[in-house]
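So the structure is just underneath, and the comments pick up after that.
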Amino acid sequence: MATSANAANIVNRGITRTVFRWIHIVCGIPILGYIYDSPSDTHNYAHSVRYFFLPVLVLSGVWMWKGHVVRRLISQTAHIMVQTFSQTSLSNSSKIQSRGQG
């Protein structure tokens, strides 16, 4: 059972890596056009390159480079939030029960 779950996780990560790689490549093409096109034509699509393609390129590159760290931070944060929520809900339920008894 654990072997199939691990295999599915590996396949999922491989597909994710491929998707991010292609997003990175596709978003790099307009930036190359922005750099190597004539200056009179670049103003037509400068905003889309600056505010869409470049941020997507940077985020996909960072995710491919340090995605494992980001996933670990997200899972640790989620774990801490769940612990805090469960402790808070337990203390609130005990307060509610003590009010009802008094």
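By convention here, the chains of the structure tokens are called A, B, ... in the order presented, each chain's residues are numbered starting at 1, and ligands are numbered starting at 1 in the order presented.
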Find the spatial neighbours of region 26-41 of chain A, counting only C-alpha atoms, within a cut-off of 9 Å - ignore same-chain residues fewer than 2 positions away - and output them as a list of chain:residue names.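 Non-adjacent residues within range: A:Arg21, A:Trp22, A:Ile23, A:His24, A:His43, A:Asn44, A:Tyr45, A:Ala46, A:Val49, A:Arg50, A:Phe52, A:Phe53, A:Leu54, A:Val56, A:Leu57.
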Export C-alpha atoms of the chosen residues as a CSV table (one decimal), in the first residue's frame?
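Dumped everything to part.csv:
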```csv
chain,number,residue,atom,x,y,z
A,21,ARG,CA,9.4,23.7,-16.8
A,22,TRP,CA,7.1,24.3,-19.7
A,23,ILE,CA,5.6,27.4,-18.1
A,24,HIS,CA,9.1,28.7,-17.5
A,43,HIS,CA,6.1,49.5,-26.2
A,44,ASN,CA,3.2,47.5,-27.6
A,45,TYR,CA,3.7,44.6,-25.3
A,46,ALA,CA,5.9,46.0,-22.6
A,49,VAL,CA,6.0,41.4,-20.3
A,50,ARG,CA,6.7,43.4,-17.2
A,52,PHE,CA,2.7,39.1,-16.4
A,53,PHE,CA,5.4,37.1,-18.1
A,54,LEU,CA,8.4,38.2,-15.9
A,56,VAL,CA,5.4,34.1,-13.8
A,57,LEU,CA,8.9,33.3,-15.1
```
State, in Å with one decimal place, the distance from CA of Ser75 (chain A) to CA of Asn9 (chain A).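 Interatomic distance here is 15.5 Å.
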Hey, can you check how far CA of Val58 (chain A) sits from CA of Leu73 (chain A)?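 We find that CA of Val58 (chain A) and CA of Leu73 (chain A) lie 19.3 Å from each other.
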State, in Å with one decimal place, the distance from CA of Thr16 (chain A) to CA of Pro55 (chain A). 18.6 Å
Using DSSP on the backbone coordinates, identify all residues within region 33-87 of chain A classified as alpha helix (DSSP H); present the result as a PyMOL selection string. chain A and resi 33-36+39-42+46-48+54-87
Could you save the residues just selected, with N, CA and C atoms, as a short mmCIF file (atom, residue, chain, number, x, y, z; two decimals), in the first residue's frame?
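And here is the file that came out, result38.cif:
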```cif
data_model
loop_
_atom_site.label_atom_id
_atom_site.label_comp_id
_atom_site.auth_asym_id
_atom_site.auth_seq_id
_atom_site.Cartn_x
_atom_site.Cartn_y
_atom_site.Cartn_z
N GLY A 33 11.68 38.19 -27.01
CA GLY A 33 11.19 39.13 -28.01
C GLY A 33 11.28 40.57 -27.52
N TYR A 34 11.02 40.78 -26.24
CA TYR A 34 11.10 42.11 -25.65
C TYR A 34 12.54 42.63 -25.69
N ILE A 35 13.48 41.75 -25.43
CA ILE A 35 14.89 42.16 -25.41
C ILE A 35 15.43 42.39 -26.81
N TYR A 36 15.14 41.47 -27.73
CA TYR A 36 15.78 41.52 -29.05
C TYR A 36 14.95 42.19 -30.13
N PRO A 39 13.28 48.69 -30.67
CA PRO A 39 12.73 49.54 -29.60
C PRO A 39 11.40 50.20 -29.96
N SER A 40 11.13 50.40 -31.24
CA SER A 40 9.86 51.03 -31.62
C SER A 40 8.67 50.08 -31.42
N ASP A 41 8.90 48.77 -31.40
CA ASP A 41 7.81 47.80 -31.24
C ASP A 41 7.63 47.32 -29.81
N THR A 42 8.60 47.53 -28.96
CA THR A 42 8.51 46.95 -27.61
C THR A 42 7.45 47.61 -26.74
N ALA A 46 5.06 45.87 -23.73
CA ALA A 46 5.93 46.04 -22.57
C ALA A 46 5.20 45.75 -21.26
N HIS A 47 3.95 46.19 -21.14
CA HIS A 47 3.21 45.97 -19.89
C HIS A 47 2.94 44.48 -19.64
N SER A 48 2.60 43.76 -20.71
CA SER A 48 2.34 42.33 -20.51
C SER A 48 3.61 41.59 -20.11
N LEU A 54 7.18 38.21 -16.83
CA LEU A 54 8.35 38.22 -15.95
C LEU A 54 8.04 37.69 -14.55
N PRO A 55 6.93 38.13 -13.89
CA PRO A 55 6.63 37.53 -12.59
C PRO A 55 6.36 36.03 -12.65
N VAL A 56 5.67 35.57 -13.69
CA VAL A 56 5.41 34.13 -13.83
C VAL A 56 6.72 33.38 -14.06
N LEU A 57 7.61 33.96 -14.85
CA LEU A 57 8.91 33.35 -15.09
C LEU A 57 9.72 33.25 -13.80
N VAL A 58 9.73 34.32 -13.02
CA VAL A 58 10.48 34.33 -11.76
C VAL A 58 9.88 33.33 -10.77
N LEU A 59 8.56 33.34 -10.62
CA LEU A 59 7.92 32.42 -9.67
C LEU A 59 8.11 30.96 -10.06
N SER A 60 8.00 30.66 -11.35
CA SER A 60 8.21 29.27 -11.77
C SER A 60 9.66 28.86 -11.59
N GLY A 61 10.59 29.78 -11.83
CA GLY A 61 12.00 29.47 -11.61
C GLY A 61 12.32 29.25 -10.16
N VAL A 62 11.79 30.08 -9.28
CA VAL A 62 12.01 29.91 -7.85
C VAL A 62 11.38 28.61 -7.37
N TRP A 63 10.19 28.29 -7.89
CA TRP A 63 9.54 27.05 -7.48
C TRP A 63 10.36 25.83 -7.92
N MET A 64 10.91 25.87 -9.13
CA MET A 64 11.73 24.75 -9.57
C MET A 64 13.03 24.66 -8.78
N TRP A 65 13.55 25.81 -8.35
CA TRP A 65 14.82 25.85 -7.64
C TRP A 65 14.65 25.50 -6.17
N LYS A 66 13.69 26.13 -5.50
CA LYS A 66 13.52 25.96 -4.05
C LYS A 66 12.11 25.51 -3.68
N GLY A 67 11.44 24.81 -4.56
CA GLY A 67 10.08 24.36 -4.27
C GLY A 67 10.00 23.41 -3.11
N HIS A 68 11.04 22.58 -2.94
CA HIS A 68 11.02 21.64 -1.82
C HIS A 68 11.06 22.36 -0.48
N VAL A 69 11.74 23.50 -0.41
CA VAL A 69 11.80 24.28 0.83
C VAL A 69 10.44 24.94 1.09
N VAL A 70 9.83 25.46 0.04
CA VAL A 70 8.53 26.11 0.18
C VAL A 70 7.47 25.11 0.63
N ARG A 71 7.48 23.92 0.03
CA ARG A 71 6.53 22.88 0.45
C ARG A 71 6.73 22.49 1.90
N ARG A 72 7.99 22.40 2.33
CA ARG A 72 8.26 22.04 3.72
C ARG A 72 7.78 23.14 4.66
N LEU A 73 8.02 24.40 4.30
CA LEU A 73 7.55 25.51 5.14
C LEU A 73 6.03 25.55 5.23
N ILE A 74 5.37 25.30 4.10
CA ILE A 74 3.91 25.31 4.10
C ILE A 74 3.37 24.18 4.96
N SER A 75 3.96 23.00 4.86
CA SER A 75 3.47 21.87 5.66
C SER A 75 3.73 22.10 7.15
N GLN A 76 4.88 22.70 7.50
CA GLN A 76 5.16 22.99 8.90
C GLN A 76 4.21 24.04 9.43
N THR A 77 3.94 25.07 8.64
CA THR A 77 3.01 26.12 9.05
C THR A 77 1.61 25.55 9.24
N ALA A 78 1.20 24.69 8.33
CA ALA A 78 -0.13 24.08 8.45
C ALA A 78 -0.20 23.21 9.69
N HIS A 79 0.87 22.48 9.98
CA HIS A 79 0.89 21.63 11.16
C HIS A 79 0.80 22.47 12.43
N ILE A 80 1.54 23.58 12.47
CA ILE A 80 1.50 24.47 13.64
C ILE A 80 0.11 25.09 13.80
N MET A 81 -0.50 25.48 12.69
CA MET A 81 -1.83 26.08 12.76
C MET A 81 -2.86 25.08 13.25
N VAL A 82 -2.75 23.83 12.82
CA VAL A 82 -3.68 22.80 13.27
C VAL A 82 -3.51 22.56 14.76
N GLN A 83 -2.26 22.50 15.22
CA GLN A 83 -2.02 22.30 16.66
C GLN A 83 -2.58 23.47 17.47
N THR A 84 -2.33 24.69 17.01
CA THR A 84 -2.82 25.86 17.72
C THR A 84 -4.34 25.89 17.74
N PHE A 85 -4.96 25.57 16.61
CA PHE A 85 -6.41 25.56 16.54
C PHE A 85 -7.00 24.50 17.46
N SER A 86 -6.39 23.31 17.46
CA SER A 86 -6.93 22.25 18.31
C SER A 86 -6.77 22.59 19.79
N GLN A 87 -5.66 23.21 20.16
CA GLN A 87 -5.47 23.62 21.55
C GLN A 87 -6.45 24.71 21.93
#
```
